Amino acid sequence: MKCSDLMRLAIKETALQKFKLLLGLLLWISLITVALCIYRFSFSFRDCLYQYLRKYNSSITAVDYVTEEPLEDLKKLEQIGIDSEDIFLRVQNNYHLKFLTQENVEITLPLNNVEVTAITSSYDTTMLEGRTLTAADDTKDGNAVVIGKPLAEAYGISVGDAITASIHGQKLRTLTVCGISNEDNTIIWIPARPYLSIHENTGVYCPATVSLTVHNPAAYYDLKEYLDSKEIMIYSEFEKGLGIIEIVSEAFWLISLLCMFLAMFSMMNYCSIFIAERNSYIVLLKTLGMKEMSVSFLFYSVIIGLFFIAYIISILLQKIVYLHFQAVFTSILKVTVESVDHFAAFALLCFLINVIFVSIAFFGKIGKLIHGEDMAAVRLQDN
Amino acid sequence: MIRIEHISMDYPIGDSVCHALQDVSITIPDGQFISIVGRSGSGKSTLLQIASGLAVPTQGKVYYQDTCISDFSKPLLAEHRSKTIGFIFHSFYLEPEYDVYTNIEIPLMIAGVPKAERAAKINAQLERFDIKEKANVKAKKLSGGERQRVCIARALINEPSVIFADEPCGNLDGENAENVMNILGQLTKEGKTVVLVTHDMEAAVRTQRIVRLQNGRLISDEML
């Protein structure tokens, strides 16, 4: 049988689609349109609300980023008007910072157990003895530290005692214990500047996570150019908002996946009904001498052709819906809706997954019909 | 010539087996008008399916012009049906949404006949069966007699040498049934082999030979 004749029959077959079968196709179009829209909406929704929060939400309270040059950063941040009280440095030690007590007892702290803190309201530990660190301690020559209860008890350290910090055996600074914290850990709290000055001349690598407490959102944007080169993490109130946005986005994403799978099953169902409806015609074609491959090609091309048309309609519908959504978001939230990453990939995934499962349904259904030579004849007679 | 040798056909029905045909042998010479008669379930339709290459027998062989078609692959059997055999069904099996012309054209498409040659062949059949004015009418709008004439035209369009007619008058009134029987008789005169499957003895006696089947066995084979 010639290809042109097969295509002609396929086109005739496509044109013969009955309304009840087209309803199945419409259901598929609706589901895929919804899946694509929700997918796209989920990302745009997140992007828009994120922009909105950044622009209008005054509850930004902390911005974290990682730096390898904490001292340089402190200077820059001061230059652009961020008060030192708004800065909280958290140093991650990659070396052993050792401390010696007055009795020359060496305190070797586990890694990451030196909490270098600015003198901010974030530092609100309960004191057992002595005082908390203050802004006056956060100078280059400051030597006040607060230690945890376990250290104090283990080494018999009291308020007013001196301890000596050393790196690689090199004694760097004598520090005075000004308070003992009630916290149940072995941390030594040191203000940022004296801590960094300990390292200033040692050349020891000192990475730090800088936490900025920003009460004025404008300050965040002042920092933007500088922070853009850093990996930023935003916490506190803003983070809560982001968390909700992320949860909603995930929910949207799951709904779009669900719609895609529902669409897949509806298309498989459509395929089965279509083949069942054309059962006697398929048997007739075989009886008249059409080869199995030609019958498969004829009906598969109809199914895939219809499926492709439906897919194109879904994409166009999705585009129309999305443009409306974009207009609404732009006008209400006054934000720019940017193009969505991975949308093309998701749309392609929808197409391919559906093609695969429709093909499985098609060849499963038609396979039984085609390969059972006896059955074909019996059915013809029975019909 | 169709030679059927010791054919048996078994169908599994649940856990049991239905012996649709048991050791049936018939030889049908070219140009013979033969009827296969029997009650429902006697195996006559199964015999038609096997003789036409629609079904492969459980045992035995079917020869067409000394070539064993039982050993044919599926594509070869399909080609054999397309070029050698014409089918006439009691339910017509026309595609109701296609017009008469397209319904008759389908076997030509399947056989790969060039489009330029098709019109002349189709028009000749339309004229022969007096349905030319219905060429562009959808099959669903035809009367029973017209549908059967389209079905016969479709069966003859590839000029097959054998016609298998399964209860061709089953859905027709007396006049149309008479016409169909006349057409089948005419085909025999043109040298075609016509195998009529029927339970109507009035139709059967108009053929040259009656083969009777009962419970899957051949019980008589008489020339008229």
# chains A, B, ... in the order shown; residues from 1 in each chain; ligands from 1
call {"tool": "interface_residues", "arguments": {"of": "chain B", "to": "chain A", "cutoff": "8 Å", "atoms": "only C-alpha atoms", "output": "number ranges by chain"}}
result
B: 45, 49, 54-56, 74-75, 77-83, 86-87, 91, 93, 95, 97, 107, 109-112
call {"tool": "write_last_selection", "arguments": {"atoms": "C-alpha atoms", "output": "mmCIF file, in the first residue's frame"}}
result
data_model
loop_
_atom_site.group_PDB
_atom_site.id
_atom_site.type_symbol
_atom_site.label_atom_id
_atom_site.label_comp_id
_atom_site.auth_asym_id
_atom_site.auth_seq_id
_atom_site.Cartn_x
_atom_site.Cartn_y
_atom_site.Cartn_z
ATOM 1 C CA SER B 45 -17.814 -19.898 8.570
ATOM 2 C CA GLN B 49 -11.985 -18.319 7.038
ATOM 3 C CA LEU B 54 -8.112 -15.440 7.281
ATOM 4 C CA ALA B 55 -7.404 -18.191 9.759
ATOM 5 C CA VAL B 56 -4.713 -20.834 10.005
ATOM 6 C CA LYS B 74 1.066 -13.036 7.593
ATOM 7 C CA PRO B 75 2.186 -10.443 5.007
ATOM 8 C CA LEU B 77 -1.447 -14.138 3.385
ATOM 9 C CA ALA B 78 -2.528 -10.493 3.360
ATOM 10 C CA GLU B 79 -1.216 -10.117 -0.188
ATOM 11 C CA HIS B 80 -2.942 -13.358 -1.182
ATOM 12 C CA ARG B 81 -6.268 -12.070 0.149
ATOM 13 C CA SER B 82 -5.778 -8.702 -1.506
ATOM 14 C CA LYS B 83 -5.043 -10.037 -5.002
ATOM 15 C CA GLY B 86 -13.011 -11.095 -2.871
ATOM 16 C CA PHE B 87 -15.215 -11.069 0.215
ATOM 17 C CA SER B 91 -23.473 -7.244 7.076
ATOM 18 C CA TYR B 93 -18.973 -3.975 6.240
ATOM 19 C CA GLU B 95 -17.508 2.305 6.109
ATOM 20 C CA GLU B 97 -19.116 7.705 6.622
ATOM 21 C CA PRO B 107 -9.091 -2.612 -1.894
ATOM 22 C CA MET B 109 -5.401 1.285 -2.325
ATOM 23 C CA ILE B 110 -4.447 -1.801 -0.350
ATOM 24 C CA ALA B 111 -3.322 -3.587 -3.526
ATOM 25 C CA GLY B 112 -1.205 -0.558 -4.473
#
call {"tool": "select_by_dssp", "arguments": {"residues": "stretch 25-159 of chain B", "states": "alpha helix (DSSP H)", "output": "PyMOL selection string"}}
result
chain B and resi 44-52+74-84+100-111+115-128+144-156
call {"tool": "residues_around", "arguments": {"residues": "A:Lys365", "least_positions_apart": "4", "cutoff": "12 Å", "atoms": "only C-alpha atoms", "output": "number ranges by chain"}}
result
A: 268-279, 282, 296, 299-300, 358-361, 369-372
call {"tool": "write_last_selection", "arguments": {"atoms": "C-alpha atoms", "output": "PDB file, in the first residue's frame"}}
result
ATOM      1  CA  MET A 268      -4.694   6.292  26.995  1.00  0.00           C
ATOM      2  CA  ASN A 269      -8.412   5.861  27.580  1.00  0.00           C
ATOM      3  CA  TYR A 270      -9.162   7.852  24.461  1.00  0.00           C
ATOM      4  CA  CYS A 271      -6.777   5.663  22.490  1.00  0.00           C
ATOM      5  CA  SER A 272      -8.436   2.476  23.762  1.00  0.00           C
ATOM      6  CA  ILE A 273     -11.939   3.717  22.973  1.00  0.00           C
ATOM      7  CA  PHE A 274     -10.833   4.878  19.544  1.00  0.00           C
ATOM      8  CA  ILE A 275      -9.392   1.468  18.663  1.00  0.00           C
ATOM      9  CA  ALA A 276     -12.422  -0.328  20.113  1.00  0.00           C
ATOM     10  CA  GLU A 277     -14.740   1.909  18.083  1.00  0.00           C
ATOM     11  CA  ARG A 278     -12.844   1.165  14.890  1.00  0.00           C
ATOM     12  CA  ASN A 279     -12.507  -2.524  15.621  1.00  0.00           C
ATOM     13  CA  ILE A 282      -9.602  -2.540  11.308  1.00  0.00           C
ATOM     14  CA  SER A 296      -0.700   0.008  12.649  1.00  0.00           C
ATOM     15  CA  PHE A 299      -4.177   4.217  13.100  1.00  0.00           C
ATOM     16  CA  TYR A 300      -1.031   5.272  14.922  1.00  0.00           C
ATOM     17  CA  VAL A 358      -0.326   6.618  24.364  1.00  0.00           C
ATOM     18  CA  SER A 359       1.947   4.447  22.244  1.00  0.00           C
ATOM     19  CA  ILE A 360       1.927   1.736  24.911  1.00  0.00           C
ATOM     20  CA  ALA A 361      -1.872   1.890  25.071  1.00  0.00           C
ATOM     21  CA  LEU A 369      -6.428  -7.079  17.510  1.00  0.00           C
ATOM     22  CA  ILE A 370      -3.808  -7.303  14.804  1.00  0.00           C
ATOM     23  CA  HIS A 371      -1.774 -10.280  15.829  1.00  0.00           C
ATOM     24  CA  GLY A 372      -4.741 -12.522  16.481  1.00  0.00           C
TER      25      GLY A 372
END
call {"tool": "closest_residue", "arguments": {"among": "B:Ala20, B:Val211, B:Ile88, B:Leu184", "to": "B:Gly41", "atoms": "only C-alpha atoms"}}
result
B:Ala20
call {"tool": "closest_residue", "arguments": {"among": "B:Ala153, B:Asp221, B:Thr58, B:Val113", "to": "B:Pro12", "atoms": "only C-alpha atoms"}}
result
B:Thr58
call {"tool": "closest_residue", "arguments": {"among": "A:Val302, A:Leu254, A:Leu151, A:Leu21", "to": "A:Trp189", "atoms": "only C-alpha atoms"}}
result
A:Leu151
call {"tool": "closest_residue", "arguments": {"among": "A:Ala327, A:Met264, A:Ile366, A:Ala347", "to": "A:Gly24", "atoms": "only C-alpha atoms"}}
result
A:Met264
